Amino acid sequence: MDFFSESLHTALQLIAARDPDVVSAVTVSIVVSLWSTLFASLAGVPAGVAVAVADFPGKRAVVTLLNTLMALPTVVVGLFVYSLVSRQGPLGEFGLLFTPWAMVAGQTLLAIPIVANLTMSAIKGADPRIVPTALTLGAGPLESTRRLVIEMRFGIMAAVIAAFGRVIAEVGVAMMLGGNIRGHTRTMTTAIAMETGKGEFALGLALGLILMAVALIVNMALNTLQQR
Amino acid sequence: MRLIRLLSAALVALLMLVTVAGADERLRMSTTTSTQDSGLLKALLPPFERRHNIKVDVIAVGTGQALKLGEAGDVDVVFVHARKLEDKFVTDGYGVNRKDVMYNDFVIIGPKSDPAGIAKAKTAAEALKLLATKGITFISRGDKSGTHTKELDLWKAAGISPKGSWYVEAGQGMGPVITMATERRGYTLADRGTYNAFKGGKTDLAILFQGDKGLFNPYGIIAVNPKKFPHVKHDLAMKLVDYVTGPEGQKIIAAYKAHGEPVFFIYKK
Amino acid sequence: MSTCYNLTGIRTTYGPRTVLEIDRLTLHCGRLYILTGANGAGKSTLLSHLALLSTPSAGEIIFGGEPVRWNKGALLRQRREVTLVHQAPYLFTGTVAANVAYGLKLRGVHGDELKRRTEKALSLVGLGGFGHRRSRELSGGEAQRVALARALALETRVLLLDEPLANVDRGTSDLLTSVIAGLPATGTTVVMTTHDPDHADRLGGERIHLVAGELTHPLTGVKLSCSEGDQLCRLSPKPAASFSIA
């Protein structure tokens with residue numbers, strides 16, 4: 001128990017002192033994760049709605065694939081993007097490796113299946129009266145789908161929040177594509193991994209507590225957007 | 001309630017607008033985790049960064065990966081401690097202008113009681129031989145790092161191919177390996193810097209063998225070959241090389257202490 | 001009198017089950033039709049077809065003299081001339097006013113006219129001034145009335161009501177009955193389903209009776225022939241003394 005109280009003490013000290021390394025890591029974590037959650041939502045929400053609403057051959061296969069992609073290991077995504085953005089890769093000339101944007105790319109890929117899958121579930125579970133009601137009141141197919149999304153926005157927002165939680169907590173993509181560069185691509189999670197590797201368990205846990213506090217605040221903000 | 005919603009949206013939007021792309025010129029250097037973990041770079045790099053108004057991005061990975069980053073052209077300069085691999089890096093055409101920077105040494109650590117009795121050995125290779133014959137737990141880095149390369153050289157010198165359940169190939173960095181050896185009450189080969197950072201709190205293992213010429217651990221800095229990778233910032237890389245091997249850099253290295261003890265030593269000119 | 005609907009050779013199946021089979025049915029504009037039948041007789045399916053929301057497995061529907069082509073752009077225009085109110089209607093989250101205004105906004109009605117028509121529809125169902133209330137806070141009867149107002153506001157040619165008087169108290173039932181009874185006079189064609197023979201008697205109108213998906217004589221239960229589908233009025237029981245508006 002000593003271990004935990006020491007970590008809590010360290011966490012509070014770091015926050016009070018506004019330790020620049022910690023502030024930087026928190027900022028990088030939040031910004032990278034928010035951007036990737038945004039991109040993933042722009043792609044994943046329409047995809048999830050489309051799969052839920054439309055009927056097409058091979059739909060079962062697509063749904064199964066989406067379910068499987070939720071379990072993508074972060075290192076696999078990391079390696080995939082790494083192979084694309086390294087100087088040796090097809091996108092090498094842009095020099096994206098070890099920049100925050102490479103991390104955003106990787107985390108977006110990680111988050112898209114989560115947003116799409118949970119959006120699809122939300123839409124599939126929607127009241128079957130919504131679309132016919134909109135249609136009979138004069139809506140076209142596009143407007144009735146828009147209405148459906150608005151009515152199910154609580155569930156869809158939950159999908160977005162879940163995706164955010166996943167990416168802010170992951171370390172595989174951030175480490176591999178960011179390189180844990182101090183003040184530039186070091187996130188809370190890569191910092192925790194590094195400190196743990198140095199045997200600094202209490203400090204690692206302290207950083208973990210700070211990460212949870214940050215995640216709590218961001219989620220509170222997202223949650224008020226969710227309520228209506 | 002509307003106001004809180006508005007503020008939350010503004011907070012979210014604001015955070016996202018904070019761009020993380022720095023405006024400064026950036027120089028990329030790959031190095032080993034032990035070098036980064038020693039804390040030397042925090043002391044060594046800032047004066048250079050301020051003087052030239054650039055940021056040095058330090059990517060700390062295993063030695064193998066650090067060199068691979070140079071071979072891919074993903075970094076501008078490489079700073080590792082694996083002489084044989086460094087030389088190959090240069091002869092293969094990936095690096096130019098390799099320079100010696102500093103050195104320290106490796107030590108063999110283990111439980112204070114020294115169950116394998118290696119303290120009595122005359123050479124490092126002999127010490128390892130004792131471990132093998134007695135089948136006492138030894139944790140190997142197993143990750144093609146400088147430490148790992150040194151360890152393999154020692155096994156070769158001892159004429160042994162380490163095999164068996166006593167020989168644990170961890171595939172991890174120095175810190176986690178020391179932790180593993182501590183938990184498993186085994187021995188391992190460690191660089192003195194990382195060991196010093198761990199002793200007194202994070203490990204109760206002691207140095208049981210040291211001082212052998214074979215445990216010498218030299219560090220080298222190499223600029224990535226601009227002929228092979230025209231995009232690398234070669235001028236800046238050479239400036240860093242000159243700084244690190246020059247009087248100012250060397251002074252900082254010699255003076256650097258961790259836990260009250262020097263970690264690296266400079267060559268006498 | 002013009003014909004609103006001409007249904008020919010309609011047959012609707014869900015998998016192996018045939019839920020609707022109508023050789024011929026003609027509905028005239030400006031009339032009130034009472035659609036009766038036991039649960040599962042096919043009433044909701046028929047209403048759904050009349051609302052142009054679902055396609056029969058076979059057969060043709062001619063709406064207002066124009067054939068319905070189910071996958072063409074004209075469908076949206078045709079569908080906007082008929083409004084269906086579900087048995088247990090779904091109200092969109094938001095205010096009552098937003099719900100009632102929904103269809104109007106889609107048709108490009110804005111500003112003062114929007115407000116006027118919204119309030120008029122709410123008053124008609126006895127919910128004047130309810131506009132600001134949130135749809136999720138309403139009682140069952142109030143929600144049902146809002147759904148009706150939402151449809152009435154659109155003043156479409158055809159109004160289809162699925163059990164509009166179920167789950168409402170007597171007072172509301174009387175109010176809604178008088179509203180519905182008054183619609184044909186404005187030129188609106190109304191088809192409403194009900195379980196309760198009492199409603200049929202009170203409202204008058206022509207009877208459409210379904211048994212196991214087929215048109216049958218409301219009194220004898222004998223399946224109707226094609227020509228009888230054309231001439232429903234011959235079959236309707238004599239209307240009771242017309243309902244007087246209090």
# chains A, B, ... in the order shown; residues from 1 in each chain; ligands from 1
call {"tool": "residues_around", "arguments": {"residues": "Arg133 in chain C", "least_positions_apart": "2", "cutoff": "12 Å", "atoms": "only C-alpha atoms", "output": "list in words"}}
result
Thr93, Gly94, Thr95, Val96, Ala97, Ala98, Asn99, Val100, Leu122, Leu127, Gly128, Gly129, Phe130, Gly131, Ser135, Arg136, Glu137, Leu138, Ser139, Glu142, Ala143 and Val146 of chain C
call {"tool": "write_last_selection", "arguments": {"atoms": "C-alpha atoms", "output": "short mmCIF file (atom, residue, chain, number, x, y, z; two decimals), in the first residue's frame"}}
result
data_model
loop_
_atom_site.label_atom_id
_atom_site.label_comp_id
_atom_site.auth_asym_id
_atom_site.auth_seq_id
_atom_site.Cartn_x
_atom_site.Cartn_y
_atom_site.Cartn_z
CA THR C 93 -36.61 13.85 -29.21
CA GLY C 94 -37.08 17.53 -28.70
CA THR C 95 -40.08 19.74 -28.26
CA VAL C 96 -43.66 19.11 -29.26
CA ALA C 97 -43.48 22.09 -31.61
CA ALA C 98 -40.39 20.69 -33.32
CA ASN C 99 -42.22 17.43 -33.90
CA VAL C 100 -45.29 19.06 -35.36
CA LEU C 122 -52.06 21.48 -31.79
CA LEU C 127 -53.08 20.68 -27.07
CA GLY C 128 -52.94 24.40 -27.73
CA GLY C 129 -49.90 25.94 -26.05
CA PHE C 130 -48.12 22.61 -25.65
CA GLY C 131 -45.44 23.56 -28.13
CA SER C 135 -41.81 15.04 -26.27
CA ARG C 136 -40.36 12.58 -23.75
CA GLU C 137 -42.31 14.12 -20.89
CA LEU C 138 -45.76 13.50 -22.34
CA SER C 139 -48.32 10.97 -21.26
CA GLU C 142 -50.78 13.36 -25.12
CA ALA C 143 -48.11 11.74 -27.30
CA VAL C 146 -49.10 15.19 -30.81
#
call {"tool": "select_by_dssp", "arguments": {"residues": "range 3-205 of chain B", "states": "alpha helix (DSSP H)", "output": "MDAnalysis selection string"}}
result
chainID B and resid 3:17 33:37 40:52 63:72 83:91 124:134 146:158 174:184 192:198
call {"tool": "interface_residues", "arguments": {"of": "chain B", "to": "chain A", "cutoff": "10 Å", "atoms": "only C-alpha atoms", "output": "PDB file with C-alpha atoms, in the first residue's frame"}}
result
ATOM      1  CA  MET B   1     -26.382  23.857 -18.713  1.00  0.00           C
ATOM      2  CA  ARG B   2     -26.127  25.312 -22.189  1.00  0.00           C
ATOM      3  CA  ILE B   4     -21.343  24.345 -19.693  1.00  0.00           C
ATOM      4  CA  ARG B   5     -21.953  22.579 -22.996  1.00  0.00           C
ATOM      5  CA  LEU B   6     -20.574  25.547 -24.878  1.00  0.00           C
ATOM      6  CA  LEU B   7     -17.516  25.765 -22.653  1.00  0.00           C
ATOM      7  CA  SER B   8     -16.855  22.059 -23.008  1.00  0.00           C
ATOM      8  CA  ALA B   9     -17.044  22.297 -26.762  1.00  0.00           C
ATOM      9  CA  ALA B  10     -14.716  25.297 -26.683  1.00  0.00           C
ATOM     10  CA  LEU B  11     -12.247  23.435 -24.469  1.00  0.00           C
ATOM     11  CA  VAL B  12     -12.235  20.465 -26.778  1.00  0.00           C
ATOM     12  CA  ALA B  13     -11.811  22.675 -29.831  1.00  0.00           C
ATOM     13  CA  LEU B  14      -9.068  24.736 -28.238  1.00  0.00           C
ATOM     14  CA  LEU B  15      -7.038  21.719 -27.258  1.00  0.00           C
ATOM     15  CA  MET B  16      -7.257  20.443 -30.760  1.00  0.00           C
ATOM     16  CA  LEU B  17      -6.053  23.672 -32.272  1.00  0.00           C
ATOM     17  CA  VAL B  18      -2.868  23.578 -30.247  1.00  0.00           C
ATOM     18  CA  THR B  19      -0.611  22.320 -32.923  1.00  0.00           C
ATOM     19  CA  VAL B  20       2.125  20.078 -31.753  1.00  0.00           C
ATOM     20  CA  ALA B  21       4.340  20.611 -34.750  1.00  0.00           C
ATOM     21  CA  GLY B  22       7.182  22.742 -33.508  1.00  0.00           C
ATOM     22  CA  ARG B  28      16.967  13.460 -35.462  1.00  0.00           C
ATOM     23  CA  SER B  30      18.754   7.601 -32.577  1.00  0.00           C
ATOM     24  CA  THR B  33      17.642   3.359 -24.063  1.00  0.00           C
ATOM     25  CA  SER B  34      20.514   3.059 -21.601  1.00  0.00           C
ATOM     26  CA  GLN B  36      18.774   8.083 -22.620  1.00  0.00           C
ATOM     27  CA  ASP B  37      17.998   6.566 -19.232  1.00  0.00           C
ATOM     28  CA  SER B  38      21.356   7.695 -17.861  1.00  0.00           C
ATOM     29  CA  LYS B  42      19.315  16.151 -20.756  1.00  0.00           C
ATOM     30  CA  LYS B  55      15.729  20.830 -31.369  1.00  0.00           C
ATOM     31  CA  VAL B  56      17.377  17.449 -31.247  1.00  0.00           C
ATOM     32  CA  ASP B  57      14.765  14.709 -31.408  1.00  0.00           C
ATOM     33  CA  VAL B  58      16.134  11.774 -29.452  1.00  0.00           C
ATOM     34  CA  ILE B  59      14.678   8.419 -30.358  1.00  0.00           C
ATOM     35  CA  ALA B  60      15.807   5.877 -27.797  1.00  0.00           C
ATOM     36  CA  VAL B  61      15.426   2.261 -28.793  1.00  0.00           C
ATOM     37  CA  LEU B  69      16.860   3.655 -38.236  1.00  0.00           C
ATOM     38  CA  GLU B  71      20.098   2.298 -42.335  1.00  0.00           C
ATOM     39  CA  ALA B  72      16.612   3.406 -43.361  1.00  0.00           C
ATOM     40  CA  GLY B  73      17.516   7.054 -43.366  1.00  0.00           C
ATOM     41  CA  ASP B  74      14.888   7.792 -40.719  1.00  0.00           C
ATOM     42  CA  VAL B  75      17.408   9.631 -38.521  1.00  0.00           C
ATOM     43  CA  GLN B 172      14.221  -6.287 -23.327  1.00  0.00           C
ATOM     44  CA  GLY B 173      16.123  -3.192 -22.277  1.00  0.00           C
ATOM     45  CA  MET B 174      18.715  -2.973 -19.529  1.00  0.00           C
ATOM     46  CA  GLY B 175      16.364  -1.714 -16.856  1.00  0.00           C
ATOM     47  CA  PRO B 176      13.762  -4.468 -17.240  1.00  0.00           C
ATOM     48  CA  VAL B 177      16.548  -7.049 -17.425  1.00  0.00           C
ATOM     49  CA  ILE B 178      18.064  -5.887 -14.125  1.00  0.00           C
ATOM     50  CA  THR B 179      14.586  -6.021 -12.610  1.00  0.00           C
ATOM     51  CA  THR B 194      22.195   1.722 -15.548  1.00  0.00           C
ATOM     52  CA  ALA B 197      20.760   4.097 -11.325  1.00  0.00           C
ATOM     53  CA  PHE B 198      19.168   0.920  -9.994  1.00  0.00           C
ATOM     54  CA  GLY B 201      16.213   0.816  -4.136  1.00  0.00           C
ATOM     55  CA  LYS B 202      15.410  -0.904  -7.352  1.00  0.00           C
ATOM     56  CA  THR B 203      17.741  -3.838  -7.008  1.00  0.00           C
ATOM     57  CA  PHE B 229      20.161   9.735 -48.084  1.00  0.00           C
ATOM     58  CA  HIS B 231      17.437  14.390 -47.268  1.00  0.00           C
TER      59      HIS B 231
END
call {"tool": "residues_around", "arguments": {"residues": "Arg79 in chain C", "least_positions_apart": "4", "cutoff": "8 Å", "atoms": "only C-alpha atoms", "output": "list in words"}}
result
Thr136 and Gly138 of chain A; Ala51, Leu52, Leu53, Leu75 and Thr83 of chain C
call {"tool": "closest_atom_pairs", "arguments": {"of": "chain C", "to": "chain A", "cutoff": "12 Å", "atoms": "only C-alpha atoms", "output": "tab-separated table"}}
result
residue	atom	partner	partner_atom	distance
C:Leu47	CA	A:Thr136	CA	11.5
C:Ser48	CA	A:Pro132	CA	9.3
C:His49	CA	A:Thr136	CA	11.4
C:Leu50	CA	A:Thr136	CA	10.8
C:Ala51	CA	A:Thr136	CA	7.0
C:Leu52	CA	A:Thr136	CA	8.3
C:Leu53	CA	A:Pro132	CA	7.0
C:Ser54	CA	A:Pro132	CA	9.4
C:Asn71	CA	A:Pro141	CA	11.6
C:Gly73	CA	A:Gly140	CA	9.8
C:Ala74	CA	A:Gly140	CA	11.2
C:Leu75	CA	A:Gly140	CA	9.5
C:Leu76	CA	A:Gly140	CA	6.5
C:Arg77	CA	A:Gly138	CA	8.3
C:Gln78	CA	A:Gly138	CA	9.5
C:Arg79	CA	A:Thr136	CA	6.8
C:Arg80	CA	A:Gly138	CA	5.0
C:Glu81	CA	A:Gly138	CA	8.5
C:Val82	CA	A:Thr136	CA	7.3
C:Thr83	CA	A:Thr136	CA	5.3
C:Leu84	CA	A:Thr136	CA	6.0
C:Val85	CA	A:Thr133	CA	7.9
C:His86	CA	A:Thr133	CA	8.0
C:Gln87	CA	A:Arg129	CA	10.4
C:Ala88	CA	A:Arg129	CA	9.1
C:Pro89	CA	A:Arg129	CA	7.7
C:Tyr90	CA	A:Arg129	CA	6.2
C:Leu91	CA	A:Ile130	CA	8.4
C:Phe92	CA	A:Glu151	CA	6.9
C:Thr93	CA	A:Glu151	CA	6.6
C:Gly94	CA	A:Arg228	CA	8.9
C:Thr95	CA	A:Arg228	CA	11.7
C:Asn99	CA	A:Leu137	CA	10.1
C:Val100	CA	A:Leu137	CA	9.8
C:Ala101	CA	A:Leu137	CA	10.0
C:Tyr102	CA	A:Leu137	CA	7.4
C:Gly103	CA	A:Leu137	CA	4.9
C:Leu104	CA	A:Leu137	CA	8.4
C:Lys105	CA	A:Gly138	CA	9.6
C:Leu106	CA	A:Gly138	CA	6.6
C:Arg107	CA	A:Gly138	CA	7.5
C:Gly108	CA	A:Gly138	CA	11.0
C:Arg134	CA	A:Arg228	CA	11.2
C:Arg136	CA	A:Arg228	CA	11.8
C:Ala147	CA	A:Thr133	CA	9.8
C:Leu148	CA	A:Leu137	CA	11.4
C:Ala149	CA	A:Leu137	CA	11.7
C:Arg150	CA	A:Leu137	CA	8.3
C:Ala151	CA	A:Leu137	CA	7.2
C:Leu152	CA	A:Leu137	CA	10.5
C:Ala153	CA	A:Leu137	CA	10.2
C:Leu154	CA	A:Leu137	CA	8.1
C:Glu155	CA	A:Leu137	CA	11.0
C:Thr156	CA	A:Leu137	CA	9.8
C:Val158	CA	A:Thr136	CA	11.3
C:Leu159	CA	A:Thr136	CA	10.4
C:Leu160	CA	A:Thr136	CA	10.1
C:Leu161	CA	A:Thr136	CA	11.9
call {"tool": "write_last_selection", "arguments": {"atoms": "C-alpha atoms", "output": "CSV table (one decimal), in the first residue's frame"}}
result
chain,number,residue,atom,x,y,z
C,47,LEU,CA,-51.9,0.8,-44.4
C,48,SER,CA,-48.1,0.6,-45.0
C,49,HIS,CA,-48.8,0.0,-48.7
C,50,LEU,CA,-51.3,2.8,-48.9
C,51,ALA,CA,-48.7,5.1,-47.2
C,52,LEU,CA,-46.3,4.0,-50.0
C,53,LEU,CA,-43.8,3.0,-47.3
C,54,SER,CA,-43.6,-0.7,-48.2
C,71,ASN,CA,-37.9,2.9,-57.1
C,73,GLY,CA,-37.9,9.7,-57.9
C,74,ALA,CA,-41.6,10.3,-58.2
C,75,LEU,CA,-42.2,8.1,-55.2
C,76,LEU,CA,-41.0,10.9,-52.8
C,77,ARG,CA,-43.5,13.3,-54.3
C,78,GLN,CA,-46.3,10.8,-54.2
C,79,ARG,CA,-45.5,9.8,-50.6
C,80,ARG,CA,-45.7,13.4,-49.5
C,81,GLU,CA,-49.4,13.4,-50.3
C,82,VAL,CA,-50.2,10.7,-47.8
C,83,THR,CA,-49.3,10.6,-44.1
C,84,LEU,CA,-49.5,7.6,-41.8
C,85,VAL,CA,-49.8,7.8,-38.0
C,86,HIS,CA,-48.6,4.6,-36.4
C,87,GLN,CA,-50.5,2.7,-33.8
C,88,ALA,CA,-47.9,3.6,-31.1
C,89,PRO,CA,-46.4,6.6,-32.7
C,90,TYR,CA,-42.7,7.6,-32.3
C,91,LEU,CA,-42.1,11.2,-31.4
C,92,PHE,CA,-38.7,12.7,-32.2
C,93,THR,CA,-36.6,13.9,-29.2
C,94,GLY,CA,-37.1,17.5,-28.7
C,95,THR,CA,-40.1,19.7,-28.3
C,99,ASN,CA,-42.2,17.4,-33.9
C,100,VAL,CA,-45.3,19.1,-35.4
C,101,ALA,CA,-43.2,21.3,-37.5
C,102,TYR,CA,-41.0,18.5,-38.8
C,103,GLY,CA,-42.9,17.6,-42.0
C,104,LEU,CA,-43.7,21.3,-42.7
C,105,LYS,CA,-40.1,22.3,-42.6
C,106,LEU,CA,-39.3,19.5,-45.0
C,107,ARG,CA,-41.8,21.0,-47.4
C,108,GLY,CA,-40.2,24.4,-47.1
C,134,ARG,CA,-40.6,18.1,-24.4
C,136,ARG,CA,-40.4,12.6,-23.7
C,147,ALA,CA,-48.5,12.5,-33.5
C,148,LEU,CA,-51.9,13.2,-34.9
C,149,ALA,CA,-51.3,17.0,-34.9
C,150,ARG,CA,-48.0,16.3,-36.6
C,151,ALA,CA,-49.8,14.6,-39.4
C,152,LEU,CA,-52.8,17.0,-39.5
C,153,ALA,CA,-50.4,20.0,-39.9
C,154,LEU,CA,-49.3,18.7,-43.2
C,155,GLU,CA,-52.9,18.8,-44.7
C,156,THR,CA,-52.1,16.0,-47.0
C,158,VAL,CA,-54.7,11.2,-47.5
C,159,LEU,CA,-54.5,10.5,-43.8
C,160,LEU,CA,-53.9,6.9,-42.6
C,161,LEU,CA,-54.6,6.3,-38.9
call {"tool": "atom_distance", "arguments": {"atom1": "CA of Asn104 in chain B", "atom2": "CA of Leu215 in chain B"}}
result
8.8 Å
call {"tool": "residues_around", "arguments": {"residues": "range 202-216 of chain A", "least_positions_apart": "5", "cutoff": "7 Å", "atoms": "only C-alpha atoms", "output": "list of chain:residue names"}}
result
A:Phe3, A:Glu6, A:Ser7, A:Leu8, A:Thr10, A:Ala11, A:Met188, A:Ile192, A:Glu195, A:Thr196
call {"tool": "write_last_selection", "arguments": {"atoms": "C-alpha atoms", "output": "PDB file, in the first residue's frame"}}
result
ATOM      1  CA  PHE A   3       3.669   1.983  -3.125  1.00  0.00           C
ATOM      2  CA  GLU A   6       3.899   7.164  -2.681  1.00  0.00           C
ATOM      3  CA  SER A   7       2.593   7.286  -6.242  1.00  0.00           C
ATOM      4  CA  LEU A   8      -0.366   9.439  -5.273  1.00  0.00           C
ATOM      5  CA  THR A  10       4.288  12.001  -6.447  1.00  0.00           C
ATOM      6  CA  ALA A  11       1.361  12.614  -8.784  1.00  0.00           C
ATOM      7  CA  MET A 188       1.664   9.909 -21.005  1.00  0.00           C
ATOM      8  CA  ILE A 192       4.952   5.520 -18.277  1.00  0.00           C
ATOM      9  CA  GLU A 195       9.813   5.092 -16.503  1.00  0.00           C
ATOM     10  CA  THR A 196       8.696   1.546 -15.823  1.00  0.00           C
TER      11      THR A 196
END
call {"tool": "atom_distance", "arguments": {"atom1": "CA of Leu189 in chain B", "atom2": "CA of Val171 in chain A"}}
result
28.3 Å
call {"tool": "residues_around", "arguments": {"residues": "Ala223 in chain B", "least_positions_apart": "3", "cutoff": "6 Å", "atoms": "only C-alpha atoms", "output": "NGL selection string"}}
result
:B and (77 or 95-96 or 237)
call {"tool": "write_last_selection", "arguments": {"atoms": "C-alpha atoms", "output": "compact mmCIF listing (two decimals), in the first residue's frame"}}
result
# COMPACT_ATOMS: atom_id res chain seq x y z
CA VAL B 77 22.77 10.76 -36.65
CA GLY B 95 27.36 6.17 -41.93
CA VAL B 96 30.27 8.54 -42.25
CA ALA B 237 24.59 16.34 -37.83
call {"tool": "residues_around", "arguments": {"residues": "Tyr267 in chain B", "least_positions_apart": "6", "cutoff": "12 Å", "atoms": "only C-alpha atoms", "output": "ChimeraX atom specification"}}
result
/B:99-104,218-220,245-247,250-251,253-254
call {"tool": "decode", "arguments": {"residues": "range 47-66 of chain A", "atoms": "C-alpha atoms", "output": "mmCIF file, in the first residue's frame"}}
result
data_model
loop_
_atom_site.group_PDB
_atom_site.id
_atom_site.type_symbol
_atom_site.label_atom_id
_atom_site.label_comp_id
_atom_site.auth_asym_id
_atom_site.auth_seq_id
_atom_site.Cartn_x
_atom_site.Cartn_y
_atom_site.Cartn_z
ATOM 1 C CA ALA A 47 -19.495 3.633 -42.240
ATOM 2 C CA GLY A 48 -21.317 2.246 -39.218
ATOM 3 C CA VAL A 49 -24.592 3.855 -40.268
ATOM 4 C CA ALA A 50 -24.219 2.583 -43.837
ATOM 5 C CA VAL A 51 -23.560 -1.006 -42.781
ATOM 6 C CA ALA A 52 -26.432 -0.939 -40.301
ATOM 7 C CA VAL A 53 -28.968 0.556 -42.676
ATOM 8 C CA ALA A 54 -28.134 -0.908 -46.045
ATOM 9 C CA ASP A 55 -28.622 -4.398 -47.290
ATOM 10 C CA PHE A 56 -25.984 -5.855 -49.535
ATOM 11 C CA PRO A 57 -24.475 -9.231 -50.385
ATOM 12 C CA GLY A 58 -21.702 -10.143 -47.994
ATOM 13 C CA LYS A 59 -23.079 -7.996 -45.197
ATOM 14 C CA ARG A 60 -22.515 -10.750 -42.611
ATOM 15 C CA ALA A 61 -18.875 -10.973 -43.678
ATOM 16 C CA VAL A 62 -18.384 -7.215 -43.335
ATOM 17 C CA VAL A 63 -19.927 -7.213 -39.861
ATOM 18 C CA THR A 64 -17.679 -10.093 -38.775
ATOM 19 C CA LEU A 65 -14.662 -8.264 -40.175
ATOM 20 C CA LEU A 66 -15.563 -5.114 -38.259
#
